[in-house]
Amino acid sequence: YLSWHHTNARVNFALLFNHEVFFPTITGSIKESSRQRFLTGTVKTLDYIEGSFLKSTPFIYGNQITIADLMAVCEMTQLWLTGRDFKDRPKIYDYIERVREETNPDFDEVHEMLHKYRAMVAPTITEQRFTVFDKQAKL
């Protein structure tokens with residue numbers, strides 16, 4: 001997972017976040033073609049994680065949490081800032097919850113800043129920003 005992570009999860013999740021939250025906060029606009037590209041990549045990446053790494057185990061490398069899980073969930077949770085909670089992806093949602101349970105109270109403490117930032121930028125992140133594709137994308 002760790003060698004796959006940098007060219008898949010990191011690229012797609014981080015750049016989707018940048019195109020939906022960070023850049024619009026700075027510029028006031030979205031480059032839709034780039035956002036769509038990273039949204040498509042994010043969907044494919046989540047599908048792969050579900051179908052391969054989490055296919056038959058609760059964590060990426062088996063029954064115990066590893067650094068790979070921390071890396072994966074770190075990338076996933078930044079998408080909370082885009083308004084996505086993964087409830088439409090039960091396998092991913094449950095996985096994040098398992099990692100949270102294994103690492104609390106540290107998990108909640110670390111993610112507190114994400115929640116504060118989300119509250120700060122929430123007015124700029126609206127349903128109108130996203131296309132029908134997003135609703136079909138299962139994020």
# chains A, B, ... in the order shown; residues from 1 in each chain; ligands from 1

call {"tool": "residues_around", "arguments": {"residues": "Pro90 of chain A", "least_positions_apart": "4", "cutoff": "12 Å", "atoms": "only C-alpha atoms", "output": "PyMOL selection string"}}
result
chain A and resi 46-47+50+54+85-86+94-98+138-139

call {"tool": "select_by_dssp", "arguments": {"residues": "chain A", "states": "alpha helix (DSSP H)", "output": "number ranges by chain"}}
result
A: 2-5, 9-17, 23-27, 32-48, 67-77, 90-103, 106-121, 132-136

call {"tool": "atom_distance", "arguments": {"atom1": "atom CA of Ser34 of chain A", "atom2": "atom CA of His19 of chain A"}}
result
7.3 Å

call {"tool": "residues_around", "arguments": {"residues": "Ser29 of chain A", "least_positions_apart": "6", "cutoff": "10 Å", "atoms": "only C-alpha atoms", "output": "count of residues only"}}
result
5

call {"tool": "atom_distance", "arguments": {"atom1": "atom CA of Leu16 of chain A", "atom2": "atom CA of Leu39 of chain A"}}
result
6.1 Å

call {"tool": "closest_residue", "arguments": {"among": "A:Ile30, A:Val110, A:Ile67, A:Leu2", "to": "Phe17 of chain A", "atoms": "only C-alpha atoms"}}
result
A:Ile30

call {"tool": "residues_around", "arguments": {"residues": "Asn63 of chain A", "least_positions_apart": "2", "cutoff": "12 Å", "atoms": "only C-alpha atoms", "output": "ChimeraX atom specification"}}
result
/A:53-54,56-61,65-66,69,95,98-99,102

call {"tool": "closest_residue", "arguments": {"among": "A:Leu114, A:Phe38, A:Thr45, A:Gly51", "to": "Ala14 of chain A", "atoms": "only C-alpha atoms"}}
result
A:Phe38

call {"tool": "closest_residue", "arguments": {"among": "A:Ala68, A:Ile26, A:Ala9, A:Leu79", "to": "Lys44 of chain A", "atoms": "only C-alpha atoms"}}
result
A:Ala9

call {"tool": "closest_residue", "arguments": {"among": "A:Arg89, A:His5, A:His111, A:Lys55", "to": "Thr77 of chain A", "atoms": "only C-alpha atoms"}}
result
A:His111

call {"tool": "atom_distance", "arguments": {"atom1": "atom CA of Lys91 of chain A", "atom2": "atom CA of Met113 of chain A"}}
result
24.9 Å

call {"tool": "closest_residue", "arguments": {"among": "A:Thr27, A:Thr7, A:Asn18, A:Thr103", "to": "Thr82 of chain A", "atoms": "only C-alpha atoms"}}
result
A:Asn18
